[in-house]
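Just input02.txt here, compact mmCIF, C-alpha atoms and all ligand atoms:
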```txt
# COMPACT_ATOMS: atom_id res chain seq x y z
CA MET A 1 24.66 6.21 1.29
CA ASP A 2 22.90 9.49 2.05
CA VAL A 3 19.79 9.55 4.26
CA ALA A 4 17.35 9.77 1.32
CA GLY A 5 19.04 6.66 -0.11
CA GLN A 6 18.71 4.89 3.26
CA ILE A 7 14.99 5.75 3.33
CA GLU A 8 14.56 4.30 -0.16
CA SER A 9 16.45 1.11 0.66
CA ALA A 10 14.52 0.58 3.95
CA PHE A 11 11.33 0.54 1.89
CA GLN A 12 12.72 -1.62 -0.92
CA GLN A 13 13.91 -4.24 1.59
CA TYR A 14 10.40 -4.64 3.04
CA TRP A 15 8.74 -4.42 -0.38
CA GLY A 16 10.78 -7.54 -1.21
CA GLY A 17 8.91 -9.02 1.76
CA HIS A 18 5.51 -7.97 0.36
CA PHE A 19 6.38 -9.65 -2.94
CA GLU A 20 7.42 -12.85 -1.17
CA VAL A 21 4.24 -12.95 0.97
CA VAL A 22 2.00 -12.89 -2.11
CA LYS A 23 4.19 -15.33 -4.05
CA SER A 24 4.19 -17.78 -1.11
CA PHE A 25 0.46 -17.47 -0.52
CA PHE A 26 -0.51 -18.16 -4.13
CA GLY A 27 2.34 -20.65 -4.57
CA GLU A 28 0.07 -23.44 -3.35
CA PRO A 29 -3.64 -24.17 -3.75
CA ARG A 30 -5.58 -22.37 -1.02
CA PRO A 31 -8.97 -23.36 0.38
CA ARG A 32 -11.81 -20.99 -0.46
CA GLU A 33 -12.04 -19.88 3.21
CA GLN A 34 -8.44 -18.62 3.17
CA LEU A 35 -9.06 -16.57 0.03
CA ILE A 36 -12.25 -15.12 1.52
CA ALA A 37 -10.46 -14.22 4.77
CA TRP A 38 -7.69 -12.40 2.90
CA LEU A 39 -10.15 -10.63 0.58
CA GLU A 40 -12.17 -9.31 3.53
CA LEU A 41 -9.08 -7.71 5.07
CA GLN A 42 -8.02 -6.31 1.70
CA LEU A 43 -11.50 -4.90 1.04
CA TYR A 44 -11.29 -2.97 4.31
CA LYS A 45 -7.91 -1.55 3.23
CA GLU A 46 -9.34 -0.41 -0.11
CA ILE A 47 -12.62 1.10 1.04
CA HIS A 48 -11.88 2.69 4.41
CA VAL A 49 -9.71 5.39 2.79
CA VAL A 50 -12.58 6.53 0.54
CA PRO A 51 -14.65 8.59 3.01
CA ARG A 52 -11.49 10.27 4.35
CA LYS A 53 -10.35 11.15 0.85
CA ALA A 54 -13.83 12.37 -0.05
CA ARG A 55 -13.76 14.76 2.94
CA GLU A 56 -10.30 16.00 1.88
CA ILE A 57 -11.60 16.61 -1.63
CA LEU A 58 -14.52 18.64 -0.26
CA GLU A 59 -12.09 20.75 1.78
CA MET A 60 -9.85 21.21 -1.26
CA TYR A 61 -12.87 22.30 -3.29
CA GLU A 62 -13.48 25.15 -0.83
CA ARG A 63 -9.95 26.42 -1.59
CA LEU A 64 -9.73 25.39 -5.26
CA ASP A 65 -7.85 27.91 -7.42
CA ALA A 66 -7.41 30.07 -4.33
CA ASP A 67 -4.59 28.23 -2.54
CA VAL A 68 -5.22 24.74 -3.92
CA GLU A 69 -3.75 24.05 -7.33
CA ARG A 70 -6.28 22.47 -9.71
CA SER A 71 -3.85 19.70 -10.75
CA GLU A 72 -3.57 18.63 -7.08
CA PHE A 73 -7.35 18.59 -6.84
CA GLU A 74 -7.60 16.52 -10.01
CA ALA A 75 -4.95 14.04 -8.76
CA GLU A 76 -6.82 13.54 -5.47
CA CYS A 77 -10.07 12.84 -7.33
CA TYR A 78 -8.38 10.25 -9.54
CA GLU A 79 -6.79 8.62 -6.51
CA LEU A 80 -10.19 8.34 -4.86
CA ALA A 81 -11.62 6.75 -8.01
CA ASP A 82 -8.68 4.32 -8.16
CA GLU A 83 -9.35 3.07 -4.63
CA VAL A 84 -13.03 2.64 -5.45
CA GLN A 85 -12.00 0.62 -8.50
CA HIS A 86 -9.69 -1.62 -6.43
CA TYR A 87 -12.57 -2.19 -4.05
CA ARG A 88 -14.99 -3.02 -6.87
CA LEU A 89 -12.57 -5.43 -8.59
CA LEU A 90 -11.87 -7.38 -5.41
CA ALA A 91 -15.42 -7.18 -4.03
CA ASP A 92 -16.63 -8.82 -7.26
CA VAL A 93 -14.33 -11.79 -6.60
CA HIS A 94 -15.32 -11.87 -2.93
CA GLU A 95 -19.02 -11.94 -3.78
CA LEU A 96 -18.43 -14.74 -6.29
CA LEU A 97 -16.59 -16.84 -3.70
CA LEU A 98 -18.96 -16.12 -0.84
CA GLY A 99 -22.15 -16.42 -2.88
CA GLU A 100 -23.58 -13.27 -1.31
CA ARG A 101 -23.01 -9.54 -1.07
CA ARG A 102 -21.62 -7.86 2.06
CA PRO A 103 -22.07 -4.16 2.90
CA ALA A 104 -18.88 -2.11 2.43
CA THR A 105 -18.99 -0.91 6.05
CA SER A 106 -19.01 -4.49 7.39
CA PHE A 107 -15.28 -4.94 6.66
CA THR A 108 -13.16 -4.07 9.68
CA ALA A 109 -9.54 -3.38 10.60
CA THR A 110 -7.23 -6.00 12.09
CA PRO A 111 -4.90 -5.17 15.01
CA GLU A 112 -2.00 -4.95 12.51
CA GLN A 113 -3.99 -2.44 10.42
CA ARG A 114 -4.65 -0.31 13.51
CA GLU A 115 -0.95 -0.55 14.37
CA LEU A 116 -0.06 0.80 10.91
CA GLU A 117 -2.53 3.66 11.32
CA ALA A 118 -0.93 4.43 14.72
CA VAL A 119 2.52 4.70 13.09
CA ARG A 120 1.07 7.16 10.56
CA ARG A 121 -0.57 9.19 13.34
CA THR A 122 2.73 9.38 15.28
CA TYR A 123 4.33 11.23 12.37
CA ALA A 124 1.23 13.13 11.20
CA ASN A 125 2.47 16.38 12.75
CA GLY A 126 5.88 16.21 11.06
CA GLY A 127 6.79 18.77 8.43
CA PRO A 128 6.13 18.37 4.69
CA PHE A 129 9.30 16.27 4.22
CA VAL A 130 8.42 13.79 6.99
CA LYS A 131 4.89 13.54 5.57
CA SER A 132 6.29 12.87 2.10
CA VAL A 133 7.93 9.70 3.48
CA GLY A 134 4.38 8.34 3.87
CA GLY A 135 4.10 8.69 0.09
CA PHE A 136 6.36 5.64 -0.33
CA ALA A 137 3.51 3.37 0.79
CA PRO A 138 2.08 2.73 -2.72
CA GLY A 139 5.45 1.09 -3.51
CA GLY A 140 4.38 -1.73 -1.15
CA GLY A 141 1.09 -1.90 -3.03
CA ALA A 142 3.00 -2.14 -6.31
CA ALA A 143 5.19 -5.00 -4.99
CA PHE A 144 2.11 -6.85 -3.71
CA ALA A 145 0.15 -6.38 -6.94
CA ALA A 146 3.17 -7.20 -9.15
CA ALA A 147 3.39 -10.64 -7.52
CA GLY A 148 -0.40 -10.99 -7.63
CA SER A 149 -0.66 -10.25 -11.34
CA MET A 150 1.43 -13.35 -12.08
CA ILE A 151 -0.81 -15.87 -10.31
CA ASP A 152 -2.52 -18.61 -12.28
CA GLY A 153 -4.97 -21.41 -11.58
CA GLY A 154 -8.74 -21.52 -11.90
CA PRO A 155 -11.26 -18.79 -12.81
CA VAL A 156 -10.94 -17.10 -9.40
CA GLU A 157 -7.16 -16.84 -9.69
CA ARG A 158 -7.42 -15.53 -13.26
CA GLN A 159 -9.94 -12.90 -12.21
CA LEU A 160 -7.69 -11.93 -9.28
CA ALA A 161 -4.64 -11.68 -11.56
CA ALA A 162 -6.55 -9.28 -13.84
CA ALA A 163 -7.56 -7.18 -10.81
CA PHE A 164 -3.95 -7.14 -9.58
CA GLU A 165 -2.77 -5.86 -12.96
CA VAL A 166 -5.05 -2.81 -12.69
CA ILE A 167 -3.99 -2.23 -9.06
CA TYR A 168 -0.31 -2.60 -9.99
CA ARG A 169 -0.39 0.06 -12.69
CA GLN A 170 -2.17 2.56 -10.44
CA GLU A 171 -0.02 1.93 -7.36
CA LEU A 172 3.11 2.33 -9.46
CA GLN A 173 1.84 5.64 -10.77
CA HIS A 174 0.94 6.88 -7.26
CA TYR A 175 4.36 5.84 -6.02
CA HIS A 176 6.23 7.73 -8.74
CA LYS A 177 4.08 10.80 -8.29
CA ASN A 178 4.81 10.77 -4.53
CA ARG A 179 8.52 10.12 -5.13
CA PHE A 180 8.70 13.26 -7.22
CA VAL A 181 7.53 15.27 -4.17
CA PHE A 182 9.81 13.36 -1.76
CA ASP A 183 12.91 13.86 -3.94
CA ARG A 184 12.28 17.59 -4.17
CA LEU A 185 11.69 18.00 -0.41
CA ALA A 186 14.67 15.76 0.47
CA ARG A 187 17.02 18.22 -1.23
CA GLU A 188 15.82 21.03 1.06
CA ALA A 189 15.39 19.00 4.30
CA THR A 190 17.45 19.70 7.44
CA VAL A 191 19.54 16.99 9.10
CA ALA A 192 16.92 16.65 11.88
CA GLU A 193 14.11 16.28 9.34
CA LEU A 194 16.08 13.67 7.41
CA GLU A 195 16.69 11.66 10.61
CA GLU A 196 13.02 11.81 11.58
CA GLY A 197 12.10 10.78 8.03
CA LEU A 198 14.38 7.75 8.28
CA ARG A 199 12.83 6.66 11.59
CA TYR A 200 9.37 7.00 10.06
CA ALA A 201 10.45 5.07 6.95
CA ARG A 202 11.75 2.14 8.99
CA GLU A 203 8.65 1.91 11.19
CA LEU A 204 6.20 2.39 8.35
CA ALA A 205 7.91 -0.04 5.97
CA ARG A 206 8.15 -2.75 8.64
CA GLN A 207 4.60 -2.38 9.94
CA HIS A 208 3.18 -2.34 6.40
CA PHE A 209 5.03 -5.60 5.66
CA LEU A 210 3.84 -7.22 8.92
CA LEU A 211 0.28 -6.22 8.02
CA ARG A 212 0.68 -7.74 4.56
CA ASN A 213 1.94 -11.02 5.99
CA SER A 214 -0.81 -11.24 8.58
CA SER A 215 -3.53 -10.32 6.06
CA PHE A 216 -2.61 -13.46 4.11
CA GLY A 217 -2.62 -15.61 7.27
CA CYS A 218 1.18 -15.38 7.71
CA PRO A 219 2.64 -17.38 4.79
CA LEU A 220 6.06 -16.17 6.02
CA SER A 221 7.11 -17.80 9.30
CA PRO A 222 8.41 -15.73 12.25
CA ASP A 223 11.93 -16.94 11.34
CA ARG A 224 11.52 -15.73 7.77
CA VAL A 225 10.17 -12.38 9.03
CA ARG A 226 13.32 -12.01 11.17
CA GLU A 227 15.45 -12.66 8.07
CA VAL A 228 13.55 -9.99 6.15
CA ASP A 229 14.16 -7.63 9.12
CA ALA A 230 17.87 -8.45 8.84
CA GLY A 231 17.83 -7.59 5.12
CA LYS A 232 18.13 -11.19 3.86
CA VAL A 233 15.63 -10.64 1.08
CA ALA A 234 15.68 -9.63 -2.57
CA PRO A 235 14.65 -5.95 -2.53
CA TYR A 236 11.73 -4.94 -4.72
CA VAL A 237 12.61 -1.96 -6.89
CA PRO A 238 9.59 -0.41 -8.64
CA PRO A 239 10.34 -0.02 -12.37
CA PRO A 240 10.35 3.49 -13.83
CA LEU A 241 7.13 4.66 -15.48
CA TYR A 242 8.76 6.05 -18.62
FE FE B 301 -5.88 0.35 -3.44
```
Translate the structure of the given file into structure tokens.
Amino acid sequence: MDVAGQIESAFQQYWGGHFEVVKSFFGEPRPREQLIAWLELQLYKEIHVVPRKAREILEMYERLDADVERSEFEAECYELADEVQHYRLLADVHELLLGERRPATSFTATPEQRELEAVRRTYANGGPFVKSVGGFAPGGGAAFAAAGSMIDGGPVERQLAAAFEVIYRQELQHYHKNRFVFDRLAREATVAELEEGLRYARELARQHFLLRNSSFGCPLSPDRVREVDAGKVAPYVPPPLY
């Protein structure tokens, strides 16, 4: 398998883990407190990217139709709106469960979230190809939301399943859009860039999966996590868009 193929399969292995985390969590009735705890971590994930993206959009605006292509600008704006929508959908459920509203800035990062952000920072100065490996991340979101859109139960679960369906479609679209860029850059990448990309892929995919498991209160045991690390898991392969 070539290096680009190894990068893809490293992600798909851990996306299988994301799918299993969500399936295990919702596979049994969960007390309200557990749902609230997970939602609060998820709400941080959805909303904390918004101010950063908004700043990027402002910077892009300054260069729009000079050296920033207007389709890229448009895509960034839609992505920002998508994250706001994910936040709104899940914050509605959170507010219903909690019986009160919490300010968006009150949601905070867990150690696993900070660890994931540290992995991203480590590779932030890589070239365009290495950066494009980071574009695989929405595939994990698609795996997570695919499992979530199948949950059933009471009104809260049904509302969550509907939210997951929206999230799933958007994450899948982001993933395919990013893959288009990755595939193009992979064809031009040097051996050294490919190797660095593979290291990044393995670290990012694993840390993203660990974060997912911990955000749900670790439905997968340490033994099961080791099996996922060893590849004993059904990979999650995002379906094509068209
Ligand atoms: Fe999101």
Enumerate residues in contact with ligand FE 301 (chain B): an atom-to-atom distance of at most 9 Å, counting only C-alpha atoms and all ligand atoms. Format the result as a count of residues only.
18
Point-to-point distance from CA of Leu58 in chain A to CA of Leu185 in chain A, Å rounded to tenths:
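Taking CA of Leu58 in chain A as the start and CA of Leu185 in chain A as the end point, the length is 26.2 Å.
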Using only C-alpha atoms, which residues sit within 8 Å of Gly17 in chain A once same-chain residues fewer than 6 positions away are excluded, as an MDAnalysis selection string?
chainID A and resid 209 228 233 235
CA of Leu39 in chain A and CA of Gly16 in chain A, how far apart in Å?
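According to the coordinates, CA of Gly16 in chain A and CA of Leu39 in chain A are separated by 21.2 Å.
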How many Å separate CA of Pro128 in chain A from CA of Ala10 in chain A?
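It comes out at 19.7 Å.
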Between A:Phe11, A:Trp38, A:Phe180, A:Phe107, which has the minimum distance to Phe25 in chain A (counting all atoms listed in the file)?
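Nearest candidate to Phe25 in chain A out of A:Phe11, A:Trp38, A:Phe180, A:Phe107: A:Trp38.
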Find the residue from A:Ser132, A:Gln207, A:Thr190, A:Ser214 that sits nearest to Ala118 in chain A; use all atoms listed in the file when measuring.
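Residue with the minimum atom-to-atom distance to Ala118 in chain A: A:Gln207.
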Check the smallest atom-to-atom distance from each of A:Ala137, A:Ala142, A:Leu41, A:Leu89 to Ser106 in chain A using all atoms listed in the file, then report the winner.
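Counting all atoms listed in the file, the residue closest to Ser106 in chain A is A:Leu41.
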Between A:Gly139, A:Asp65, A:Phe182, A:Ser9, which has the minimum distance to Gly231 in chain A (counting all atoms listed in the file)?
A:Ser9
Who sits within 12 Å of Arg63 in chain A, all atoms listed in the file, same chain under 6 positions skipped, as a list in words:
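Once the nearby chain positions are removed, what remains is Glu56, Ile57, Glu69, Arg70, Glu72 and Phe73 of chain A.
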In terms of the shortest atom-to-atom distance over all atoms listed in the file, which of A:Glu196, A:Asp2, A:Glu28, A:Glu20 is closest to Ala124 in chain A?
A:Glu196
Phe129 in chain A surroundings by all atoms listed in the file, 10 Å radius, close-in-sequence under 5 positions cut, as an MDAnalysis selection string
chainID A and resid 134 181:190 193:194 196:197
